[in-house]
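Student: See coords-v2.tsv below, with TSV, C-alpha atoms.
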chain	number	residue	atom	x	y	z
A	1	MET	CA	80.37	39.22	-76.38
A	2	LYS	CA	81.11	41.57	-79.29
A	3	TYR	CA	83.66	39.78	-81.46
A	4	CYS	CA	84.09	36.22	-82.76
A	5	ASN	CA	86.91	34.52	-80.85
A	6	ASN	CA	87.67	32.40	-83.93
A	7	CYS	CA	88.13	35.15	-86.56
A	8	GLY	CA	87.83	38.51	-84.76
A	9	THR	CA	84.78	39.73	-86.74
A	10	LEU	CA	81.75	41.33	-85.06
A	11	VAL	CA	79.05	38.89	-83.89
A	12	ASP	CA	75.26	39.20	-84.27
A	13	LEU	CA	72.77	38.18	-81.57
A	14	ARG	CA	70.00	36.18	-83.27
A	15	ILE	CA	68.14	32.87	-83.16
A	16	PRO	CA	69.86	30.29	-85.41
A	17	GLU	CA	67.69	28.23	-87.77
A	18	GLY	CA	66.19	25.28	-85.91
A	19	ASP	CA	67.03	26.81	-82.51
A	20	THR	CA	64.78	28.56	-79.99
A	21	LEU	CA	67.14	30.96	-78.19
A	22	PRO	CA	69.20	33.95	-79.41
A	23	ARG	CA	72.91	33.13	-79.77
A	24	TYR	CA	76.00	35.13	-80.67
A	25	ILE	CA	76.78	34.21	-84.29
A	26	CYS	CA	79.81	35.37	-86.26
A	27	SER	CA	78.84	37.53	-89.24
A	28	ALA	CA	81.87	36.21	-91.20
A	29	CYS	CA	82.63	32.58	-90.26
A	30	ASN	CA	79.07	31.79	-88.97
A	31	ILE	CA	80.31	30.02	-85.85
A	32	ILE	CA	77.65	29.94	-83.12
A	33	HIS	CA	79.07	30.92	-79.72
A	34	TYR	CA	76.95	29.07	-77.15
A	35	GLN	CA	77.00	30.26	-73.55
A	36	ASN	CA	76.29	27.77	-70.78
A	37	PRO	CA	76.10	27.69	-66.96
A	38	LYS	CA	79.24	27.17	-64.92
A	39	MET	CA	79.79	24.68	-62.12
A	40	VAL	CA	81.06	25.84	-58.72
A	41	VAL	CA	82.38	22.95	-56.64
A	42	GLY	CA	83.37	22.79	-52.98
A	43	CYS	CA	83.11	20.81	-49.76
A	44	ILE	CA	82.27	20.88	-46.07
A	45	PRO	CA	85.57	19.81	-44.48
A	46	GLU	CA	84.81	18.00	-41.20
A	47	TRP	CA	87.10	17.42	-38.20
A	48	GLU	CA	85.43	15.76	-35.22
A	49	ASN	CA	82.35	17.96	-34.59
A	50	LYS	CA	83.82	20.99	-36.34
A	51	ILE	CA	83.92	22.27	-39.91
A	52	LEU	CA	86.52	24.35	-41.71
A	53	LEU	CA	85.62	27.80	-43.03
A	54	CYS	CA	87.75	30.27	-45.00
A	55	ARG	CA	87.63	34.06	-44.57
A	56	ARG	CA	87.61	35.63	-48.02
A	57	ALA	CA	90.59	37.80	-49.04
A	58	ILE	CA	88.95	38.72	-52.36
A	59	THR	CA	85.85	40.50	-53.60
A	60	PRO	CA	82.94	40.05	-53.49
A	61	ARG	CA	82.31	39.75	-49.72
A	62	ARG	CA	85.91	40.23	-48.63
A	63	GLY	CA	86.25	39.48	-44.91
A	64	PHE	CA	83.24	37.16	-44.84
A	65	TRP	CA	83.40	33.41	-44.20
A	66	THR	CA	82.78	30.70	-46.77
A	67	LEU	CA	83.35	27.04	-47.57
A	68	PRO	CA	86.25	26.17	-49.87
A	69	ALA	CA	84.66	26.22	-53.35
A	70	GLY	CA	85.32	27.56	-56.81
A	71	PHE	CA	84.81	27.15	-60.54
A	72	MET	CA	85.37	23.67	-61.91
A	73	GLU	CA	88.17	23.56	-64.48
A	74	ASN	CA	88.26	21.77	-67.81
A	75	ALA	CA	89.70	18.22	-67.70
A	76	GLU	CA	88.83	17.57	-64.05
A	77	THR	CA	86.07	15.69	-62.21
A	78	LEU	CA	83.74	17.16	-59.57
A	79	VAL	CA	85.73	15.43	-56.82
A	80	GLN	CA	89.06	16.65	-58.20
A	81	ALA	CA	87.66	20.19	-58.31
A	82	ALA	CA	86.56	20.01	-54.65
A	83	VAL	CA	89.99	18.68	-53.56
A	84	ARG	CA	91.84	21.35	-55.58
A	85	GLU	CA	89.73	24.24	-54.29
A	86	THR	CA	90.22	23.10	-50.69
A	87	MET	CA	93.97	22.98	-51.21
A	88	GLU	CA	94.03	26.38	-52.96
A	89	GLU	CA	91.92	28.23	-50.38
A	90	ALA	CA	92.91	26.48	-47.15
A	91	ASN	CA	96.04	24.43	-47.92
A	92	ALA	CA	94.01	21.60	-46.45
A	93	GLN	CA	93.99	17.96	-47.52
A	94	VAL	CA	90.58	16.28	-47.57
A	95	LYS	CA	89.05	12.93	-48.40
A	96	ILE	CA	85.89	13.75	-50.34
A	97	GLY	CA	82.76	11.84	-49.27
A	98	ASP	CA	79.18	11.88	-50.55
A	99	LEU	CA	77.72	14.68	-52.60
A	100	TYR	CA	75.67	16.68	-50.11
A	101	ALA	CA	73.94	19.52	-51.96
A	102	ILE	CA	73.29	20.90	-55.43
A	103	TYR	CA	72.07	24.50	-55.71
A	104	ASN	CA	70.78	25.95	-58.98
A	105	LEU	CA	71.47	29.68	-59.26
A	106	PRO	CA	69.72	30.44	-62.57
A	107	ASP	CA	69.99	34.24	-62.10
A	108	ILE	CA	73.77	34.06	-62.41
A	109	ASN	CA	74.09	30.94	-64.61
A	110	GLN	CA	75.79	28.85	-61.96
A	111	VAL	CA	75.19	25.48	-60.30
A	112	TYR	CA	76.85	24.80	-56.93
A	113	PHE	CA	77.98	21.31	-55.84
A	114	LEU	CA	78.97	20.72	-52.21
A	115	PHE	CA	80.45	17.46	-50.98
A	116	ARG	CA	80.94	16.21	-47.44
A	117	ALA	CA	84.65	15.78	-46.74
A	118	GLN	CA	87.01	14.61	-44.01
A	119	LEU	CA	90.03	16.76	-43.15
A	120	LEU	CA	93.05	14.43	-43.17
A	121	ASP	CA	95.01	16.41	-40.58
A	122	LEU	CA	95.22	19.81	-38.88
A	123	ASN	CA	97.87	21.21	-41.22
A	124	PHE	CA	95.89	23.99	-42.87
A	125	GLU	CA	96.58	27.68	-43.42
A	126	PRO	CA	95.15	30.47	-45.58
A	127	GLY	CA	95.74	30.23	-49.32
A	128	ILE	CA	96.17	33.35	-51.46
A	129	GLU	CA	92.40	33.92	-51.64
A	130	SER	CA	91.85	33.60	-47.86
A	131	LEU	CA	92.59	35.92	-44.92
A	132	ASP	CA	92.05	33.18	-42.34
A	133	VAL	CA	91.08	29.52	-42.12
A	134	LYS	CA	89.51	28.15	-38.96
A	135	LEU	CA	87.58	25.20	-37.48
A	136	PHE	CA	84.15	26.01	-36.04
A	137	LYS	CA	81.74	24.06	-33.85
A	138	GLU	CA	78.10	24.67	-34.78
A	139	GLU	CA	77.61	27.19	-31.94
A	140	GLU	CA	80.72	29.10	-33.04
A	141	ILE	CA	79.68	29.63	-36.69
A	142	PRO	CA	79.52	33.38	-37.48
A	143	TRP	CA	76.12	33.10	-39.17
A	144	ASP	CA	75.84	36.84	-39.90
A	145	GLU	CA	79.24	36.82	-41.54
A	146	ILE	CA	78.73	33.95	-43.99
A	147	ALA	CA	79.60	35.31	-47.44
A	148	PHE	CA	76.72	33.94	-49.54
A	149	ARG	CA	73.22	32.48	-49.09
A	150	VAL	CA	74.31	29.49	-51.22
A	151	ILE	CA	76.81	28.70	-48.44
A	152	ARG	CA	74.67	29.62	-45.40
A	153	MET	CA	71.61	27.61	-46.51
A	154	PRO	CA	73.34	24.23	-46.92
A	155	LEU	CA	75.34	24.80	-43.71
A	156	GLU	CA	72.17	25.46	-41.71
A	157	ARG	CA	70.60	22.34	-43.15
A	158	TYR	CA	73.77	20.32	-42.57
A	159	PHE	CA	73.87	21.11	-38.84
A	160	ASP	CA	70.10	20.51	-38.50
A	161	GLU	CA	70.50	17.11	-40.11
A	162	CYS	CA	73.61	16.26	-38.07
A	163	ARG	CA	71.56	16.88	-34.91
A	164	GLN	CA	68.74	14.65	-36.22
A	165	GLY	CA	70.93	11.81	-37.47
A	166	GLN	CA	72.90	12.41	-40.59
A	167	PRO	CA	72.98	14.72	-43.62
A	168	HIS	CA	71.34	13.51	-46.84
A	169	PHE	CA	71.81	14.71	-50.40
A	170	TYR	CA	69.30	17.26	-51.66
A	171	MET	CA	68.86	19.72	-54.51
A	172	ASP	CA	67.52	23.25	-54.26
A	173	THR	CA	67.23	26.48	-56.27
A	174	ILE	CA	67.88	30.06	-55.19
A	175	GLU	CA	65.67	32.09	-57.53
A	176	ASP	CA	66.37	35.65	-56.41
A	177	ILE	CA	70.11	35.67	-55.89
A	178	HIS	CA	70.38	39.48	-55.91
A	179	ARG	CA	67.88	39.90	-53.06
B	1	MET	CA	90.25	30.77	-79.22
B	2	LYS	CA	92.29	33.28	-81.22
B	3	TYR	CA	90.61	36.66	-80.63
B	4	CYS	CA	89.22	38.52	-77.63
B	5	ASN	CA	85.43	38.50	-77.78
B	6	ASN	CA	85.35	41.81	-75.93
B	7	CYS	CA	87.64	43.90	-78.18
B	8	GLY	CA	88.59	41.71	-81.18
B	9	THR	CA	92.37	41.76	-80.49
B	10	LEU	CA	94.52	38.61	-80.60
B	11	VAL	CA	94.72	36.66	-77.33
B	12	ASP	CA	97.81	35.12	-75.71
B	13	LEU	CA	97.82	31.74	-73.94
B	14	ARG	CA	99.70	32.15	-70.65
B	15	ILE	CA	99.40	31.65	-66.89
B	16	PRO	CA	98.01	34.81	-65.22
B	17	GLU	CA	99.75	36.11	-62.09
B	18	GLY	CA	98.50	34.20	-59.03
B	19	ASP	CA	96.96	31.45	-61.19
B	20	THR	CA	98.19	27.93	-61.92
B	21	LEU	CA	96.77	27.16	-65.38
B	22	PRO	CA	97.30	28.76	-68.80
B	23	ARG	CA	94.39	30.99	-69.88
B	24	TYR	CA	93.56	32.96	-72.99
B	25	ILE	CA	94.31	36.60	-72.13
B	26	CYS	CA	93.63	39.60	-74.36
B	27	SER	CA	96.83	41.39	-75.38
B	28	ALA	CA	94.95	44.73	-75.46
B	29	CYS	CA	92.18	44.81	-72.81
B	30	ASN	CA	93.77	42.11	-70.57
B	31	ILE	CA	90.48	40.27	-70.04
B	32	ILE	CA	91.04	36.64	-69.01
B	33	HIS	CA	88.83	34.24	-70.98
B	34	TYR	CA	88.22	31.27	-68.67
B	35	GLN	CA	87.00	28.01	-70.18
B	36	ASN	CA	84.96	25.64	-68.03
B	37	PRO	CA	83.20	22.26	-68.34
B	38	LYS	CA	79.66	22.09	-69.69
B	39	MET	CA	76.69	20.31	-68.16
B	40	VAL	CA	74.66	17.81	-70.20
B	41	VAL	CA	71.30	17.08	-68.61
B	42	GLY	CA	68.70	14.43	-69.40
B	43	CYS	CA	66.37	11.82	-67.97
B	44	ILE	CA	65.21	8.21	-68.08
B	45	PRO	CA	61.51	8.59	-68.96
B	46	GLU	CA	59.60	5.66	-67.43
B	47	TRP	CA	56.19	4.25	-68.42
B	48	GLU	CA	55.15	1.11	-66.54
B	49	ASN	CA	58.14	-1.24	-67.04
B	50	LYS	CA	59.38	0.53	-70.15
B	51	ILE	CA	61.67	3.48	-70.85
B	52	LEU	CA	61.66	5.98	-73.69
B	53	LEU	CA	64.62	6.16	-76.08
B	54	CYS	CA	65.23	8.53	-79.02
B	55	ARG	CA	66.95	7.54	-82.27
B	56	ARG	CA	69.40	10.28	-83.19
B	57	ALA	CA	68.79	12.27	-86.38
B	58	ILE	CA	72.05	14.20	-85.96
B	59	THR	CA	75.76	13.51	-85.85
B	60	PRO	CA	77.60	12.09	-84.04
B	61	ARG	CA	76.08	8.57	-83.93
B	62	ARG	CA	73.15	9.30	-86.25
B	63	GLY	CA	70.70	6.36	-86.24
B	64	PHE	CA	71.76	5.19	-82.76
B	65	TRP	CA	69.52	5.28	-79.70
B	66	THR	CA	69.93	7.60	-76.72
B	67	LEU	CA	68.13	9.11	-73.74
B	68	PRO	CA	66.72	12.62	-74.13
B	69	ALA	CA	69.61	14.85	-72.95
B	70	GLY	CA	71.47	17.97	-74.01
B	71	PHE	CA	73.47	21.00	-72.95
B	72	MET	CA	72.05	22.97	-70.03
B	73	GLU	CA	71.22	26.57	-70.99
B	74	ASN	CA	71.92	29.75	-69.07
B	75	ALA	CA	69.09	30.87	-66.73
B	76	GLU	CA	67.64	27.40	-66.19
B	77	THR	CA	67.85	24.74	-63.46
B	78	LEU	CA	68.95	21.14	-63.91
B	79	VAL	CA	65.32	19.96	-63.73
B	80	GLN	CA	64.16	22.58	-66.24
B	81	ALA	CA	66.94	21.48	-68.60
B	82	ALA	CA	65.86	17.82	-68.37
B	83	VAL	CA	62.20	18.73	-69.03
B	84	ARG	CA	63.12	20.95	-71.98
B	85	GLU	CA	65.42	18.40	-73.60
B	86	THR	CA	62.75	15.69	-73.30
B	87	MET	CA	60.23	17.99	-74.97
B	88	GLU	CA	62.68	19.02	-77.72
B	89	GLU	CA	63.83	15.51	-78.60
B	90	ALA	CA	60.70	13.44	-77.99
B	91	ASN	CA	57.80	15.92	-77.65
B	92	ALA	CA	57.19	14.10	-74.40
B	93	GLN	CA	55.99	15.55	-71.11
B	94	VAL	CA	57.68	14.21	-67.97
B	95	LYS	CA	57.59	14.69	-64.23
B	96	ILE	CA	61.22	14.71	-63.15
B	97	GLY	CA	62.07	12.56	-60.12
B	98	ASP	CA	65.31	11.92	-58.23
B	99	LEU	CA	68.72	12.58	-59.69
B	100	TYR	CA	69.97	9.13	-60.71
B	101	ALA	CA	73.49	9.48	-62.10
B	102	ILE	CA	76.32	11.96	-62.54
B	103	TYR	CA	79.09	11.08	-65.01
B	104	ASN	CA	82.31	13.06	-65.24
B	105	LEU	CA	83.76	13.08	-68.76
B	106	PRO	CA	87.01	14.99	-68.15
B	107	ASP	CA	88.42	14.16	-71.62
B	108	ILE	CA	85.73	16.27	-73.28
B	109	ASN	CA	85.07	18.79	-70.47
B	110	GLN	CA	81.52	17.63	-69.82
B	111	VAL	CA	79.54	16.41	-66.83
B	112	TYR	CA	76.34	14.39	-67.46
B	113	PHE	CA	73.33	14.52	-65.14
B	114	LEU	CA	70.55	11.95	-65.57
B	115	PHE	CA	67.28	12.08	-63.63
B	116	ARG	CA	64.60	9.45	-63.23
B	117	ALA	CA	61.33	10.69	-64.74
B	118	GLN	CA	57.71	9.64	-65.22
B	119	LEU	CA	56.15	10.04	-68.66
B	120	LEU	CA	52.85	11.87	-68.14
B	121	ASP	CA	51.10	10.27	-71.14
B	122	LEU	CA	51.77	8.39	-74.39
B	123	ASN	CA	51.65	11.48	-76.60
B	124	PHE	CA	55.25	11.56	-77.83
B	125	GLU	CA	56.80	11.83	-81.27
B	126	PRO	CA	60.23	12.57	-82.71
B	127	GLY	CA	61.51	16.14	-82.34
B	128	ILE	CA	63.75	17.73	-84.97
B	129	GLU	CA	66.87	15.97	-83.60
B	130	SER	CA	65.26	12.48	-83.52
B	131	LEU	CA	64.40	9.95	-86.26
B	132	ASP	CA	62.21	7.88	-83.96
B	133	VAL	CA	61.03	7.76	-80.34
B	134	LYS	CA	59.99	4.48	-78.77
B	135	LEU	CA	59.24	2.72	-75.47
B	136	PHE	CA	61.42	-0.30	-74.66
B	137	LYS	CA	61.15	-3.08	-72.09
B	138	GLU	CA	64.57	-4.12	-70.71
B	139	GLU	CA	64.72	-7.18	-72.99
B	140	GLU	CA	63.94	-5.01	-76.04
B	141	ILE	CA	66.74	-2.45	-75.52
B	142	PRO	CA	69.04	-2.39	-78.59
B	143	TRP	CA	72.21	-2.52	-76.48
B	144	ASP	CA	74.56	-2.59	-79.48
B	145	GLU	CA	72.88	0.47	-80.93
B	146	ILE	CA	73.08	2.77	-77.90
B	147	ALA	CA	74.78	5.96	-79.06
B	148	PHE	CA	77.24	6.59	-76.21
B	149	ARG	CA	78.85	4.72	-73.31
B	150	VAL	CA	77.67	7.53	-71.00
B	151	ILE	CA	74.11	6.47	-71.87
B	152	ARG	CA	74.63	2.67	-72.00
B	153	MET	CA	76.42	2.44	-68.64
B	154	PRO	CA	73.74	4.15	-66.49
B	155	LEU	CA	70.98	2.26	-68.37
B	156	GLU	CA	72.63	-1.11	-67.64
B	157	ARG	CA	72.97	-0.15	-63.99
B	158	TYR	CA	69.41	1.19	-63.87
B	159	PHE	CA	67.90	-2.10	-65.07
B	160	ASP	CA	70.17	-4.14	-62.75
B	161	GLU	CA	69.03	-2.03	-59.80
B	162	CYS	CA	65.36	-2.19	-60.85
B	163	ARG	CA	65.59	-5.99	-60.77
B	164	GLN	CA	67.21	-5.87	-57.31
B	165	GLY	CA	64.84	-3.34	-55.78
B	166	GLN	CA	65.24	0.24	-56.86
B	167	PRO	CA	67.80	2.54	-58.50
B	168	HIS	CA	69.98	4.71	-56.28
B	169	PHE	CA	71.97	7.83	-57.09
B	170	TYR	CA	75.63	7.31	-57.92
B	171	MET	CA	78.54	9.20	-59.48
B	172	ASP	CA	81.09	7.80	-61.91
B	173	THR	CA	83.84	8.92	-64.29
B	174	ILE	CA	84.55	7.78	-67.84
B	175	GLU	CA	88.28	8.42	-68.22
B	176	ASP	CA	88.94	7.29	-71.78
B	177	ILE	CA	85.97	8.64	-73.68
B	178	HIS	CA	87.60	8.23	-77.11
B	179	ARG	CA	88.23	4.49	-76.63
How would this structure read if it were set down as structure tokens?
Tutor:
Amino acid sequence: MKYCNNCGTLVDLRIPEGDTLPRYICSACNIIHYQNPKMVVGCIPEWENKILLCRRAITPRRGFWTLPAGFMENAETLVQAAVRETMEEANAQVKIGDLYAIYNLPDINQVYFLFRAQLLDLNFEPGIESLDVKLFKEEEIPWDEIAFRVIRMPLERYFDECRQGQPHFYMDTIEDIHR
Amino acid sequence: MKYCNNCGTLVDLRIPEGDTLPRYICSACNIIHYQNPKMVVGCIPEWENKILLCRRAITPRRGFWTLPAGFMENAETLVQAAVRETMEEANAQVKIGDLYAIYNLPDINQVYFLFRAQLLDLNFEPGIESLDVKLFKEEEIPWDEIAFRVIRMPLERYFDECRQGQPHFYMDTIEDIHR
């Protein structure tokens, strides 16, 4: 951030009075421009003993597989975000179930939220951000071609828990996201 | 938002190609300035059969009681945010427990996260944003002086569930926040 988005003047980076962290502050109108983490919301769409994955058509990790997920928008709820992302990336309709996993990614100022979800039918096809959309049994999952650790880790846990009974909500942190 | 914070030029509000929502886009450098919901994180600090509330020293709702909670910062986790806010507002040390409640507030582009927490000792005192900090039994809670519905609703549920056994995680939405 270099300029104030309210008045167009240059901003300073300094700690405001009574605060503890440096913030971008406008040198003319004095507005403080706070920066906060973003929420990424998605789901694990289930159909019988299979789950739906999307093959990414966009960078980063083009060609790799992921769950439908994306940045939450203003004016929506977590569940609405998960439904919308699944429609955008897979043209798939889902009924969202329990929240399954929260992942803190403090290195990149993101928090991931993954819900369990039921596919409502088999009418799905790639959205503009996907090359392919496909149902996978556990033994068919292309583990070496999963786009991100924040997707692979909850999926591994999900299948482990499915084998042992049923998946339960948990929260975790990936500290070294660039590893 | 009127100006690009990257180059200081005026922004336009329009739907980018391949997108579905209007965004602020710089008319010179073409950067798209996305706006996303913010996370508010706090806890219910418990001590025996009492909980800790803070009386607000700041607007809005100055003089009303609330749980320690505030905007999550970049580079922290949800738990770290809850610990930090409790220290800032009540100078209280807590051990954070299970996530208790998530509230979507789509009208104001916020999502609230409240954890259960154990106070580690009785050394607490008002931080700069609090007029007072005090432990309350259920029958002592000043229900008509709770600052926000998003605090009163989970507290009512929390005490109901405590009486019936123990509190369990849930998610809810407050649709008409300005009512």
Student: Could you write out as a PyMOL selection string the residues of chain A within 9 Å of chain B, counting only C-alpha atoms?
Tutor: chain A and resi 1-11+18+34-39+71-78+99+103-111+128+171+173
Student: Write out as a list of chain:residue names the residues lying within 6 Å of stretch 136-148 of chain B, counting only C-alpha atoms and excluding same-chain residues fewer than 3 positions away.
Tutor: B:Lys50, B:Ile51, B:Arg61, B:Phe64, B:Trp65, B:Thr66, B:Ile151
Student: Enter the distance from atom CA of B:Pro16 to atom CA of A:Arg55, in Å, rounded to one decimal.
Tutor: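 Computing it gives 23.1 Å between the two atoms.
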Student: As an exercise, work out the distance from atom CA of A:Gly127 to atom CA of A:Glu88 in Å and give it to one decimal place.
Tutor: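 Computing the Euclidean distance for atom CA of A:Gly127 and atom CA of A:Glu88 yields 5.6 Å.
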Student: Would you mind telling me which residue in A:Ala82, A:Ile58, A:Val150, A:Leu52 lies nearest to A:Glu125 when using only C-alpha atoms?
Tutor: A:Leu52
Student: Taking the structure in the block just given, could you write stretch 74-112 of chain B with C-alpha atoms, as a PDB file, in the first residue's frame?
Tutor:
ATOM      1  CA  ASN B  74      -2.505 -10.526   9.864  1.00  0.00           C
ATOM      2  CA  ALA B  75       0.097 -13.208  10.738  1.00  0.00           C
ATOM      3  CA  GLU B  76      -1.817 -14.649  13.691  1.00  0.00           C
ATOM      4  CA  THR B  77      -4.059 -17.680  14.281  1.00  0.00           C
ATOM      5  CA  LEU B  78      -7.612 -17.622  15.624  1.00  0.00           C
ATOM      6  CA  VAL B  79      -6.377 -18.811  19.042  1.00  0.00           C
ATOM      7  CA  GLN B  80      -3.603 -16.207  19.142  1.00  0.00           C
ATOM      8  CA  ALA B  81      -6.154 -13.512  18.301  1.00  0.00           C
ATOM      9  CA  ALA B  82      -8.441 -14.608  21.158  1.00  0.00           C
ATOM     10  CA  VAL B  83      -5.527 -14.638  23.643  1.00  0.00           C
ATOM     11  CA  ARG B  84      -4.303 -11.223  22.499  1.00  0.00           C
ATOM     12  CA  GLU B  85      -7.730  -9.581  22.643  1.00  0.00           C
ATOM     13  CA  THR B  86      -8.301 -10.936  26.164  1.00  0.00           C
ATOM     14  CA  MET B  87      -4.957  -9.500  27.256  1.00  0.00           C
ATOM     15  CA  GLU B  88      -5.610  -6.143  25.556  1.00  0.00           C
ATOM     16  CA  GLU B  89      -9.115  -5.642  26.932  1.00  0.00           C
ATOM     17  CA  ALA B  90      -8.898  -7.289  30.361  1.00  0.00           C
ATOM     18  CA  ASN B  91      -5.174  -7.832  31.068  1.00  0.00           C
ATOM     19  CA  ALA B  92      -6.259 -11.400  31.663  1.00  0.00           C
ATOM     20  CA  GLN B  93      -4.360 -14.580  30.825  1.00  0.00           C
ATOM     21  CA  VAL B  94      -6.440 -17.439  29.411  1.00  0.00           C
ATOM     22  CA  LYS B  95      -5.980 -20.962  28.151  1.00  0.00           C
ATOM     23  CA  ILE B  96      -8.136 -21.186  25.038  1.00  0.00           C
ATOM     24  CA  GLY B  97     -10.355 -24.275  24.763  1.00  0.00           C
ATOM     25  CA  ASP B  98     -12.798 -25.467  22.100  1.00  0.00           C
ATOM     26  CA  LEU B  99     -14.314 -23.191  19.511  1.00  0.00           C
ATOM     27  CA  TYR B 100     -17.828 -22.526  20.819  1.00  0.00           C
ATOM     28  CA  ALA B 101     -19.660 -20.338  18.296  1.00  0.00           C
ATOM     29  CA  ILE B 102     -19.373 -18.856  14.826  1.00  0.00           C
ATOM     30  CA  TYR B 103     -21.742 -16.020  13.899  1.00  0.00           C
ATOM     31  CA  ASN B 104     -22.078 -14.744  10.346  1.00  0.00           C
ATOM     32  CA  LEU B 105     -22.942 -11.031  10.218  1.00  0.00           C
ATOM     33  CA  PRO B 106     -23.357 -10.564   6.446  1.00  0.00           C
ATOM     34  CA  ASP B 107     -24.881  -7.067   6.822  1.00  0.00           C
ATOM     35  CA  ILE B 108     -21.584  -5.712   8.143  1.00  0.00           C
ATOM     36  CA  ASN B 109     -19.159  -8.118   6.417  1.00  0.00           C
ATOM     37  CA  GLN B 110     -17.968  -9.742   9.630  1.00  0.00           C
ATOM     38  CA  VAL B 111     -17.746 -13.265  11.014  1.00  0.00           C
ATOM     39  CA  TYR B 112     -17.456 -13.715  14.811  1.00  0.00           C
TER      40      TYR B 112
END
